[in-house]
Structure formats: C-alpha cells, structure tokens
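Containing mmCIF, C-alpha atoms: model05.cif.
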```cif
data_run
#
loop_
_atom_site.group_PDB
_atom_site.id
_atom_site.type_symbol
_atom_site.label_atom_id
_atom_site.label_comp_id
_atom_site.auth_asym_id
_atom_site.auth_seq_id
_atom_site.Cartn_x
_atom_site.Cartn_y
_atom_site.Cartn_z
ATOM 1 C CA MET A 47 -0.852 -8.576 11.121
ATOM 2 C CA GLN A 48 -3.539 -10.575 12.838
ATOM 3 C CA ARG A 49 -1.371 -13.639 13.433
ATOM 4 C CA PRO A 50 1.043 -12.653 16.252
ATOM 5 C CA ALA A 51 2.081 -16.262 16.722
ATOM 6 C CA LEU A 52 3.332 -16.552 13.144
ATOM 7 C CA ALA A 53 6.630 -18.421 13.371
ATOM 8 C CA LEU A 54 9.674 -16.574 12.078
ATOM 9 C CA ALA A 55 10.916 -19.679 10.315
ATOM 10 C CA ALA A 56 7.671 -19.983 8.411
ATOM 11 C CA ALA A 57 7.730 -16.315 7.544
ATOM 12 C CA LEU A 58 11.212 -16.519 6.078
ATOM 13 C CA ALA A 59 10.279 -19.583 4.041
ATOM 14 C CA LEU A 60 7.644 -17.753 2.054
ATOM 15 C CA THR A 61 8.699 -16.621 -1.387
ATOM 16 C CA ALA A 62 5.731 -14.278 -1.745
ATOM 17 C CA ALA A 63 5.478 -10.992 0.089
ATOM 18 C CA ILE A 64 4.202 -11.331 3.636
ATOM 19 C CA ALA A 65 2.279 -8.643 5.449
ATOM 20 C CA PHE A 66 4.080 -7.633 8.490
ATOM 21 C CA GLY A 67 2.441 -4.994 9.782
ATOM 22 C CA PRO A 68 -0.544 18.604 0.990
ATOM 23 C CA SER A 69 2.599 16.448 1.816
ATOM 24 C CA THR A 70 4.444 18.706 4.249
ATOM 25 C CA ALA A 71 5.296 18.566 7.925
ATOM 26 C CA GLY A 72 2.652 20.006 10.215
ATOM 27 C CA ALA A 73 2.683 22.158 13.315
ATOM 28 C CA ALA A 74 2.345 20.315 16.607
ATOM 29 C CA PRO A 75 1.654 20.971 20.253
ATOM 30 C CA ALA A 76 4.474 20.901 22.788
ATOM 31 C CA TYR A 77 5.420 17.267 23.256
ATOM 32 C CA ALA A 78 7.383 15.509 25.980
ATOM 33 C CA PRO A 79 11.191 15.494 25.933
ATOM 34 C CA ALA A 80 12.580 12.529 24.020
ATOM 35 C CA ASP A 81 14.301 11.066 27.074
ATOM 36 C CA THR A 82 11.099 10.930 29.141
ATOM 37 C CA ALA A 83 8.422 10.317 26.490
ATOM 38 C CA THR A 84 6.717 6.925 26.708
ATOM 39 C CA VAL A 85 4.826 7.177 23.388
ATOM 40 C CA HIS A 86 6.997 7.646 20.308
ATOM 41 C CA PRO A 87 7.897 6.044 16.982
ATOM 42 C CA GLY A 88 9.078 2.500 17.576
ATOM 43 C CA VAL A 89 6.677 1.576 20.375
ATOM 44 C CA GLN A 90 4.622 -1.563 19.992
ATOM 45 C CA THR A 91 0.968 -1.380 18.968
ATOM 46 C CA PHE A 92 -1.611 -4.137 19.410
ATOM 47 C CA THR A 93 -4.759 -4.345 17.282
ATOM 48 C CA ASN A 94 -7.134 -7.181 18.097
ATOM 49 C CA GLY A 95 -4.137 -9.120 19.452
ATOM 50 C CA GLY A 96 -1.850 -8.526 16.460
ATOM 51 C CA GLN A 97 1.431 -6.725 17.166
ATOM 52 C CA CYS A 98 3.106 -4.084 15.007
ATOM 53 C CA THR A 99 5.613 -1.241 15.423
ATOM 54 C CA ALA A 100 4.550 2.416 15.316
ATOM 55 C CA ASN A 101 6.190 4.623 12.685
ATOM 56 C CA PHE A 102 5.722 8.420 12.813
ATOM 57 C CA VAL A 103 3.675 10.991 14.748
ATOM 58 C CA PHE A 104 1.086 13.099 12.907
ATOM 59 C CA THR A 105 -1.247 15.954 13.814
ATOM 60 C CA ASP A 106 -4.193 17.727 12.205
ATOM 61 C CA GLY A 107 -3.651 20.725 14.488
ATOM 62 C CA ALA A 108 -6.108 19.486 17.091
ATOM 63 C CA ASP A 109 -5.547 15.760 17.563
ATOM 64 C CA THR A 110 -2.360 13.708 17.646
ATOM 65 C CA TYR A 111 -1.981 10.405 15.814
ATOM 66 C CA ILE A 112 0.652 7.695 15.731
ATOM 67 C CA GLY A 113 1.080 5.704 12.556
ATOM 68 C CA GLN A 114 1.001 1.993 12.002
ATOM 69 C CA ALA A 115 0.629 -0.143 8.881
ATOM 70 C CA ALA A 116 -2.928 -0.539 7.598
ATOM 71 C CA HIS A 117 -2.440 -4.298 7.412
ATOM 72 C CA CYS A 118 -1.963 -4.342 11.205
ATOM 73 C CA SER A 119 -5.758 -4.269 11.455
ATOM 74 C CA GLY A 120 -6.229 -6.840 8.709
ATOM 75 C CA THR A 121 -8.399 -9.865 9.446
ATOM 76 C CA GLY A 122 -7.138 -12.267 6.801
ATOM 77 C CA ALA A 123 -4.062 -14.458 6.448
ATOM 78 C CA ALA A 124 -0.537 -13.070 6.592
ATOM 79 C CA THR A 125 -0.320 -13.332 2.803
ATOM 80 C CA ASP A 126 -3.439 -11.194 2.228
ATOM 81 C CA THR A 127 -1.574 -8.034 1.237
ATOM 82 C CA ASN A 128 -3.922 -6.507 -1.329
ATOM 83 C CA GLY A 129 -5.460 -3.605 0.560
ATOM 84 C CA CYS A 130 -8.335 -3.339 -1.907
ATOM 85 C CA THR A 131 -9.632 -6.845 -1.195
ATOM 86 C CA ALA A 132 -8.244 -8.040 2.153
ATOM 87 C CA GLY A 133 -10.451 -8.197 5.219
ATOM 88 C CA THR A 134 -9.921 -5.326 7.645
ATOM 89 C CA LEU A 135 -11.302 -4.080 10.959
ATOM 90 C CA PRO A 136 -13.466 -0.944 10.910
ATOM 91 C CA ILE A 137 -12.512 2.647 11.621
ATOM 92 C CA GLY A 138 -12.876 3.250 15.360
ATOM 93 C CA THR A 139 -11.266 -0.074 16.324
ATOM 94 C CA GLU A 140 -9.279 0.243 19.542
ATOM 95 C CA VAL A 141 -5.492 -0.046 19.420
ATOM 96 C CA GLN A 142 -3.335 -0.582 22.485
ATOM 97 C CA VAL A 143 -0.282 1.682 22.236
ATOM 98 C CA SER A 144 2.659 0.813 24.469
ATOM 99 C CA GLY A 145 3.459 3.672 26.830
ATOM 100 C CA ALA A 146 -0.048 5.154 26.651
ATOM 101 C CA ASP A 147 -2.482 4.889 29.547
ATOM 102 C CA HIS A 148 -5.536 4.743 27.290
ATOM 103 C CA PRO A 149 -6.266 2.884 24.044
ATOM 104 C CA GLY A 150 -6.119 4.782 20.791
ATOM 105 C CA THR A 151 -8.591 4.329 17.946
ATOM 106 C CA ILE A 152 -8.053 3.847 14.231
ATOM 107 C CA ALA A 153 -9.021 7.170 12.639
ATOM 108 C CA TYR A 154 -7.762 6.390 9.127
ATOM 109 C CA SER A 155 -6.787 3.247 7.251
ATOM 110 C CA SER A 156 -5.676 3.218 3.634
ATOM 111 C CA TRP A 157 -7.174 -0.259 3.261
ATOM 112 C CA ASN A 158 -10.620 0.807 4.479
ATOM 113 C CA THR A 159 -10.469 3.960 2.388
ATOM 114 C CA MET A 160 -9.424 2.191 -0.818
ATOM 115 C CA GLN A 161 -12.187 -0.352 -0.395
ATOM 116 C CA ALA A 162 -14.785 2.349 0.232
ATOM 117 C CA ASN A 163 -13.588 4.221 -2.858
ATOM 118 C CA GLY A 164 -13.499 1.172 -5.116
ATOM 119 C CA GLU A 165 -9.795 1.769 -5.805
ATOM 120 C CA THR A 166 -8.510 -0.110 -8.878
ATOM 121 C CA ASP A 167 -4.900 1.101 -9.172
ATOM 122 C CA PRO A 168 -2.943 -2.153 -8.665
ATOM 123 C CA ASP A 169 0.088 -0.348 -7.234
ATOM 124 C CA ALA A 170 -1.969 1.517 -4.636
ATOM 125 C CA CYS A 171 -3.834 -1.691 -3.779
ATOM 126 C CA ALA A 172 -0.551 -3.552 -3.267
ATOM 127 C CA TYR A 173 1.516 -0.919 -1.471
ATOM 128 C CA ASN A 174 -0.676 1.797 0.104
ATOM 129 C CA ASP A 175 -0.267 0.580 3.687
ATOM 130 C CA LEU A 176 -0.804 3.355 6.254
ATOM 131 C CA ALA A 177 -3.131 3.747 9.223
ATOM 132 C CA LEU A 178 -3.326 6.577 11.752
ATOM 133 C CA VAL A 179 -4.254 5.822 15.347
ATOM 134 C CA LYS A 180 -5.796 8.750 17.207
ATOM 135 C CA LEU A 181 -4.269 9.029 20.668
ATOM 136 C CA ASP A 182 -6.372 9.800 23.709
ATOM 137 C CA PRO A 183 -5.889 13.513 24.562
ATOM 138 C CA ALA A 184 -4.759 12.463 28.052
ATOM 139 C CA ASP A 185 -1.764 10.686 26.496
ATOM 140 C CA VAL A 186 -0.551 13.477 24.195
ATOM 141 C CA ALA A 187 1.708 14.880 26.937
ATOM 142 C CA LYS A 188 3.577 11.528 26.890
ATOM 143 C CA VAL A 189 4.417 11.791 23.160
ATOM 144 C CA ASN A 190 7.678 12.655 21.426
ATOM 145 C CA PRO A 191 7.915 12.399 17.605
ATOM 146 C CA SER A 192 11.638 11.545 17.350
ATOM 147 C CA ILE A 193 12.854 8.204 15.977
ATOM 148 C CA PRO A 194 14.759 6.337 18.707
ATOM 149 C CA HIS A 195 18.527 6.021 18.197
ATOM 150 C CA TRP A 196 18.603 7.959 14.917
ATOM 151 C CA GLY A 197 16.659 11.159 15.652
ATOM 152 C CA GLY A 198 14.549 12.956 13.060
ATOM 153 C CA PRO A 199 12.437 12.930 10.998
ATOM 154 C CA THR A 200 13.847 16.135 9.538
ATOM 155 C CA GLY A 201 11.114 16.408 6.890
ATOM 156 C CA LEU A 202 9.241 14.327 4.338
ATOM 157 C CA ASN A 203 10.937 12.701 1.344
ATOM 158 C CA THR A 204 8.780 13.919 -1.558
ATOM 159 C CA THR A 205 11.003 12.757 -4.438
ATOM 160 C CA GLY A 206 11.337 9.025 -3.812
ATOM 161 C CA THR A 207 15.116 9.441 -3.881
ATOM 162 C CA THR A 208 16.676 6.624 -1.893
ATOM 163 C CA GLY A 209 20.021 5.044 -1.040
ATOM 164 C CA THR A 210 21.000 4.629 2.593
ATOM 165 C CA VAL A 211 18.025 4.167 4.928
ATOM 166 C CA TYR A 212 17.526 4.010 8.675
ATOM 167 C CA SER A 213 14.826 2.289 10.688
ATOM 168 C CA TYR A 214 13.859 1.106 14.167
ATOM 169 C CA GLY A 215 11.962 -2.142 14.663
ATOM 170 C CA ASN A 216 10.455 -3.363 17.912
ATOM 171 C CA SER A 217 9.248 -6.916 17.323
ATOM 172 C CA SER A 218 8.666 -8.983 20.452
ATOM 173 C CA LEU A 219 10.661 -11.732 18.699
ATOM 174 C CA ARG A 220 13.773 -9.751 19.700
ATOM 175 C CA GLN A 221 12.947 -10.574 23.322
ATOM 176 C CA GLY A 222 13.443 -6.978 24.419
ATOM 177 C CA ILE A 223 17.037 -6.757 23.128
ATOM 178 C CA THR A 224 16.923 -3.110 22.067
ATOM 179 C CA LEU A 225 20.437 -3.211 20.583
ATOM 180 C CA LEU A 226 18.882 -5.168 17.708
ATOM 181 C CA SER A 227 16.152 -2.569 17.076
ATOM 182 C CA PRO A 228 18.075 0.147 15.137
ATOM 183 C CA LYS A 229 18.494 -0.870 11.502
ATOM 184 C CA LEU A 230 20.723 0.512 8.756
ATOM 185 C CA GLY A 231 20.024 -0.414 5.147
ATOM 186 C CA LEU A 232 20.341 0.229 1.431
ATOM 187 C CA THR A 233 17.602 0.383 -1.176
ATOM 188 C CA SER A 234 18.025 -1.956 -4.113
ATOM 189 C CA SER A 235 15.095 -0.671 -6.185
ATOM 190 C CA THR A 236 11.920 1.404 -6.238
ATOM 191 C CA GLU A 237 8.913 -0.341 -7.759
ATOM 192 C CA GLY A 238 5.168 -0.046 -8.216
ATOM 193 C CA ASN A 239 5.458 3.347 -9.940
ATOM 194 C CA GLY A 240 7.113 4.765 -6.838
ATOM 195 C CA TRP A 241 4.765 3.190 -4.314
ATOM 196 C CA THR A 242 7.337 0.855 -2.732
ATOM 197 C CA HIS A 243 11.066 0.703 -2.024
ATOM 198 C CA VAL A 244 12.903 -2.626 -1.777
ATOM 199 C CA VAL A 245 15.415 -2.447 1.072
ATOM 200 C CA ASN A 246 18.093 -4.681 2.594
ATOM 201 C CA THR A 247 18.849 -3.930 6.239
ATOM 202 C CA VAL A 248 21.060 -5.031 9.100
ATOM 203 C CA THR A 249 19.308 -6.428 11.078
ATOM 204 C CA PRO A 250 16.522 -7.579 8.720
ATOM 205 C CA GLY A 251 12.897 -6.732 9.381
ATOM 206 C CA ILE A 252 11.004 -9.545 11.051
ATOM 207 C CA PRO A 253 7.325 -10.162 11.923
ATOM 208 C CA GLY A 254 6.303 -7.590 14.529
ATOM 209 C CA ASP A 255 8.402 -4.850 12.894
ATOM 210 C CA SER A 256 5.445 -4.203 10.591
ATOM 211 C CA GLY A 257 4.705 -0.518 10.146
ATOM 212 C CA SER A 258 8.032 0.737 11.476
ATOM 213 C CA ALA A 259 9.476 4.006 10.195
ATOM 214 C CA PHE A 260 12.145 4.352 7.497
ATOM 215 C CA LEU A 261 14.264 7.495 7.077
ATOM 216 C CA ASP A 262 16.391 8.427 4.077
ATOM 217 C CA SER A 263 20.053 9.507 4.180
ATOM 218 C CA GLU A 264 19.054 13.046 5.217
ATOM 219 C CA GLY A 265 16.769 11.860 7.997
ATOM 220 C CA ARG A 266 13.583 12.568 6.047
ATOM 221 C CA ALA A 267 10.580 10.295 6.464
ATOM 222 C CA LEU A 268 10.678 7.859 3.533
ATOM 223 C CA GLY A 269 8.205 5.127 4.291
ATOM 224 C CA VAL A 270 6.577 2.419 6.356
ATOM 225 C CA LEU A 271 7.666 -1.214 6.592
ATOM 226 C CA SER A 272 4.922 -3.089 4.779
ATOM 227 C CA THR A 273 5.970 -6.550 3.617
ATOM 228 C CA LEU A 274 8.761 -9.063 4.017
ATOM 229 C CA GLY A 275 10.010 -11.053 1.074
ATOM 230 C CA ILE A 276 12.802 -13.295 -0.126
ATOM 231 C CA GLY A 277 15.407 -11.635 -2.306
ATOM 232 C CA LEU A 278 17.556 -13.232 -4.955
ATOM 233 C CA PRO A 279 20.016 -14.897 -4.812
ATOM 234 C CA GLY A 280 18.823 -15.230 -1.222
ATOM 235 C CA GLY A 281 18.097 -13.398 1.967
ATOM 236 C CA VAL A 282 15.340 -11.277 3.446
ATOM 237 C CA VAL A 283 14.254 -8.006 1.834
ATOM 238 C CA ASN A 284 11.938 -5.343 3.209
ATOM 239 C CA ASN A 285 9.273 -3.671 1.087
ATOM 240 C CA VAL A 286 8.752 -0.114 2.337
ATOM 241 C CA SER A 287 5.568 1.749 1.366
ATOM 242 C CA ASP A 288 6.271 5.315 0.231
ATOM 243 C CA LEU A 289 4.993 7.722 2.896
ATOM 244 C CA ASN A 290 4.635 10.723 0.597
ATOM 245 C CA LYS A 291 2.310 8.795 -1.706
ATOM 246 C CA ALA A 292 0.392 7.365 1.250
ATOM 247 C CA LEU A 293 -0.124 10.849 2.716
ATOM 248 C CA ASP A 294 -1.192 12.222 -0.664
ATOM 249 C CA TYR A 295 -3.823 9.479 -0.767
ATOM 250 C CA LEU A 296 -4.962 10.350 2.753
ATOM 251 C CA HIS A 297 -5.258 14.052 1.917
ATOM 252 C CA THR A 298 -7.156 13.328 -1.290
ATOM 253 C CA HIS A 299 -9.486 10.558 -0.146
ATOM 254 C CA GLY A 300 -9.652 10.764 3.649
ATOM 255 C CA THR A 301 -12.648 12.217 5.448
ATOM 256 C CA GLY A 302 -13.005 14.297 8.591
ATOM 257 C CA PRO A 303 -10.237 16.128 10.462
ATOM 258 C CA VAL A 304 -7.745 13.280 10.004
ATOM 259 C CA ALA A 305 -7.658 14.046 6.263
ATOM 260 C CA GLY A 306 -5.567 17.100 7.132
ATOM 261 C CA ALA A 307 -3.021 15.198 9.231
ATOM 262 C CA GLN A 308 0.619 16.114 8.639
ATOM 263 C CA LEU A 309 3.936 14.600 9.675
ATOM 264 C CA VAL A 310 5.430 15.953 12.905
ATOM 265 C CA LEU A 311 9.181 16.556 12.819
ATOM 266 C CA GLY A 312 11.457 15.068 15.443
ATOM 267 C CA THR A 313 12.810 17.156 18.287
ATOM 268 C CA GLU A 314 16.130 15.271 18.235
ATOM 269 C CA ALA A 315 18.736 15.967 15.545
ATOM 270 C CA PHE A 316 19.185 13.220 12.968
ATOM 271 C CA ASN A 317 22.447 11.282 13.394
ATOM 272 C CA GLY A 318 23.143 8.640 10.772
ATOM 273 C CA SER A 319 26.882 8.357 11.499
ATOM 274 C CA GLN A 320 26.644 5.506 13.996
ATOM 275 C CA LEU A 321 26.305 1.812 13.413
ATOM 276 C CA PRO A 322 23.038 0.326 14.655
ATOM 277 C CA LEU A 323 24.514 -2.026 17.215
ATOM 278 C CA ASP A 324 26.643 0.478 19.132
ATOM 279 C CA ALA A 325 25.447 4.037 19.598
ATOM 280 C CA ASP A 326 28.754 4.935 21.325
ATOM 281 C CA ASP A 327 30.989 3.859 18.445
ATOM 282 C CA PRO A 328 30.536 6.231 15.484
ATOM 283 C CA VAL A 329 32.327 5.297 12.279
ATOM 284 C CA ASP A 330 33.763 7.428 9.491
ATOM 285 C CA ASP A 331 32.111 5.447 6.708
ATOM 286 C CA PRO A 332 28.898 3.751 7.898
ATOM 287 C CA VAL A 333 27.666 3.205 4.343
ATOM 288 C CA GLY A 334 30.921 1.496 3.366
ATOM 289 C CA SER A 335 30.692 -0.681 6.457
ATOM 290 C CA LEU A 336 27.092 -1.499 5.618
ATOM 291 C CA ARG A 337 27.945 -2.485 2.066
ATOM 292 C CA GLY A 338 30.542 -4.853 3.471
ATOM 293 C CA LEU A 339 28.024 -6.410 5.862
ATOM 294 C CA LEU A 340 25.465 -6.856 3.093
ATOM 295 C CA GLY A 341 28.008 -8.044 0.539
ATOM 296 C CA PHE A 342 27.265 -5.219 -1.924
#
```
In structure tokens, what does this structure look like?
Amino acid sequence: MQRPALALAAALALTAAIAFGPSTAGAAPAYAPADTATVHPGVQTFTNGGQCTANFVFTDGADTYIGQAAHCSGTGAATDTNGCTAGTLPIGTEVQVSGADHPGTIAYSSWNTMQANGETDPDACAYNDLALVKLDPADVAKVNPSIPHWGGPTGLNTTGTTGTVYSYGNSSLRQGITLLSPKLGLTSSTEGNGWTHVVNTVTPGIPGDSGSAFLDSEGRALGVLSTLGIGLPGGVVNNVSDLNKALDYLHTHGTGPVAGAQLVLGTEAFNGSQLPLDADDPVDDPVGSLRGLLGF
C-alpha cells in the first residue's frame, strides 16, 4: 500500500475492501537458525515508502525471494484493488527489507504480470495478490523461512480446505508490541472460485499487515493477507489470497528464473496449540477458546 499514513480509523470505516498490502515446496540452501535470523516471514518491507509485512520465503534453486503482496507496490489509492487495472511500480523496483543489509528488488508481481498478459478473469484480477522480492545474495545467510511464533510452513495447502488459521502481522501501528503480532483465526467462507478466503482473526489485520502469511490448521501455507473489509453484522474481516492459485499463476505466466520459484518449508516445527498472546500458556482447546473470543 502506497499510503503508509492511512489512518486506522479511516480504514475501518470503509465498507469496501481496502488494499493492505508446479505448486510444491522447493529445495533451499542452508539458511540461518531461526533464533538468529534477521530476515524471515513477518519482517517489515518498504516499497517506495509504503509498508507491508513479508509472508513466505521462496527459492528457484539459485536465488532466494521473500514474498509480499503485489499491491504493496501499487501507486493508486488504497481502494484500488483490481490488479488488472491499478497502477503499479515496475519489476526491478527496490524494496527495503527489515533485517537485510541491502535492498531487494521486485522480481515478480502478479499485478504487473496480469496487466502484461491482458488478464480478464475477474477473480484473478481481484484476488491474485503476490509479489516476490529477490534478496541480495549477501543477505541470504541472514534468512530463515519459519513463521515467527507458530513455526512452519509444513507444506503448501493445495486443496483450499480451511478452518482454523494462523498468521503473524507486523504493522508499525502496533508500536513494536510483538505480543499483538501472532494471530489466530477462523475462515468464514471461500469466495472468488477459490481465489480468496474470508477470515476473522484475533487480533484483526490492520494496515501494515498487508501481505502477511496465513497457515492452515496443519501449518501449511494457505495464503497472503490481501484486503481488509467490514463484515456483517459488524467487525473487521481479512481477505486472504490463495497462495496455491497465486503460485500456479506465477509458474504459468511468469518469466525468467523466478517463474520456477517454490515455497521453502520452515525449519521450526509448527505449533498451533498456543494462544497468540502468550506463547508460554498452551491451552487444550485453542479453537474452542477462539470461537468464544469471536462469538462463533
């Protein structure tokens, strides 16, 4: 999102969706241990001043990429969420990645690719929201692919099956309070012919969380936080772009080495048995507790 100063109150007042911000896991070089890595899912990324949250790590066997939402390099208003028509910065645009010593560069953007291809599928245009940022080779030794707090990903969700979901947002609006970053949620529906999952989370996604990773109940990579909306009868909902579909699009329509990029699995075991706000207090029934918090 190119409007980092967008007020949270204004964002929550919108009733329309607001832009935040082969499908198998690939081999990867030896990465840094999770407890010392400075580049990993959940770090902040900055594109032309706009802040987002990185999702997953990818590799094509030679280069390493970290994912962000394609709309993070958009040039239009926060409500310009149609990737087939919205303004977007070019491939090769520099991205500042927190924890890296050198800027990365956008190597793939679903928005740029759909526009170049003349894409007309309305579901892809609305929900295909993935960009890959190529990391400087000097920074690869600082990378770990594990999701903070939760661990994983353990694989790629290729069925669209949902239910309980896990995420990690890193918006600067949280003022560095990392206890608010882990998020536990439930999907309420899958829409757009499988392109997007509507999710309620505790805590809710907010501007700056754009692009953050979502895992399913087995720790598999499910999707990327794409848009924020208002649910009925009230409250904030997150629209999560399906990663399997986004990667299929990349593999089919991408060009150059990045077209072969695959998801890198986490080095840390997935652990979904803890509530987001207290990693030292596991509960026997986190989903039941979550349903109570969300009023389901």
Next on the checklist: Can you measure atom CA of A:Val282 to atom CA of A:Ala172 for me? One decimal in Å is fine.
Outcome noted: 18.9 Å
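Between A:Thr208 and the candidates A:His243, A:His117, A:Lys229, A:His297, the tightest atom-to-atom separation, counting all atoms listed in the file, involves A:His243.
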Specify as a PDB file with C-alpha atoms, in the coordinates of the input each residue included when the PyMOL selection byres ((chain A and resi 181) around 6) is applied to this file.
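Saved to expr23.pdb:
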```pdb
ATOM      1  CA  THR A 110      -2.360  13.708  17.646  1.00  0.00           C
ATOM      2  CA  TYR A 111      -1.981  10.405  15.814  1.00  0.00           C
ATOM      3  CA  GLY A 150      -6.119   4.782  20.791  1.00  0.00           C
ATOM      4  CA  LYS A 180      -5.796   8.750  17.207  1.00  0.00           C
ATOM      5  CA  ASP A 182      -6.372   9.800  23.709  1.00  0.00           C
TER       6      ASP A 182
END
```
Item to check | Atom-to-atom span, atom CA of A:Asp109 and atom CA of A:Gly197, Å | outcome: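 Separating atom CA of A:Asp109 from atom CA of A:Gly197 is a distance of 22.8 Å.
Reported to one decimal place, the separation of atom CA of A:Trp196 from atom CA of A:Asn317 is 5.3 Å.
Against the coordinates shown, the PyMOL selection byres ((chain A and resi 177) around 6) returns Gly113, Gln114, Ala115, Ala116, Tyr154, Ser155, Leu176 and Leu178 of chain A.
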Save the residues we just selected, C-alpha atoms, as a compact mmCIF listing (two decimals), in the coordinates of the input?
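Ended up saving to selection22.txt:
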```txt
# COMPACT_ATOMS: atom_id res chain seq x y z
CA GLY A 113 1.08 5.70 12.56
CA GLN A 114 1.00 1.99 12.00
CA ALA A 115 0.63 -0.14 8.88
CA ALA A 116 -2.93 -0.54 7.60
CA TYR A 154 -7.76 6.39 9.13
CA SER A 155 -6.79 3.25 7.25
CA LEU A 176 -0.80 3.36 6.25
CA LEU A 178 -3.33 6.58 11.75
```
Item to check | Hits of the PyMOL selection byres ((chain A and resi 151) around 6) in this structure, as number ranges by chain | outcome: A: 138-141, 150, 152, 179-180
Checklist entry - Which of these, A:Gly275, A:Gly238, A:Pro191, A:Pro303, has the shortest distance to A:Ala78 once you count all atoms listed in the file? => result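 Answer, going by the shortest atom-to-atom distance: A:Pro191.
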Can you write out as CSV which residues of stretch 180-218 of chain A fall within 9 Å of stretch 256-269 of chain A, alongside each residue's closest atom pair and its distance in Å to one decimal, counting only C-alpha atoms and ordering rows by chain and ascending residue number?
```
residue,atom,partner,partner_atom,distance
A:Ile193,CA,A:Ala259,CA,7.9
A:Trp196,CA,A:Gly265,CA,8.2
A:Gly197,CA,A:Gly265,CA,7.7
A:Gly198,CA,A:Gly265,CA,5.6
A:Pro199,CA,A:Arg266,CA,5.1
A:Thr200,CA,A:Arg266,CA,5.0
A:Gly201,CA,A:Arg266,CA,4.6
A:Leu202,CA,A:Ala267,CA,4.8
A:Asn203,CA,A:Leu268,CA,5.3
A:Thr204,CA,A:Leu268,CA,8.1
A:Gly206,CA,A:Leu268,CA,7.5
A:Thr207,CA,A:Asp262,CA,8.1
A:Thr208,CA,A:Asp262,CA,6.2
A:Gly209,CA,A:Ser263,CA,6.9
A:Thr210,CA,A:Ser263,CA,5.2
A:Val211,CA,A:Asp262,CA,4.6
A:Tyr212,CA,A:Leu261,CA,5.0
A:Ser213,CA,A:Phe260,CA,4.7
A:Tyr214,CA,A:Ser258,CA,6.4
A:Gly215,CA,A:Ser258,CA,5.8
A:Asn216,CA,A:Ser258,CA,8.0
A:Ser217,CA,A:Ser256,CA,8.2
```
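Contact shell of stretch 284-288 of chain A at 7 Å (all atoms listed in the file; same-chain neighbours under 3 positions omitted): Tyr173, Asn174, Asp175, Trp241, Thr242, His243, Val244, Val245, Asn246, Gly251, Leu268, Gly269, Val270, Leu271, Ser272, Thr273, Leu274, Gly275, Lys291 and Ala292 of chain A.
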Item to check | Selected residue, from A:Trp157, A:His195, A:Ser144, A:Gln320, that lies nearest to A:Asp126 when counting all atoms listed in the file | outcome: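 Of A:Trp157, A:His195, A:Ser144, A:Gln320, the one nearest A:Asp126, counting all atoms listed in the file, is A:Trp157.
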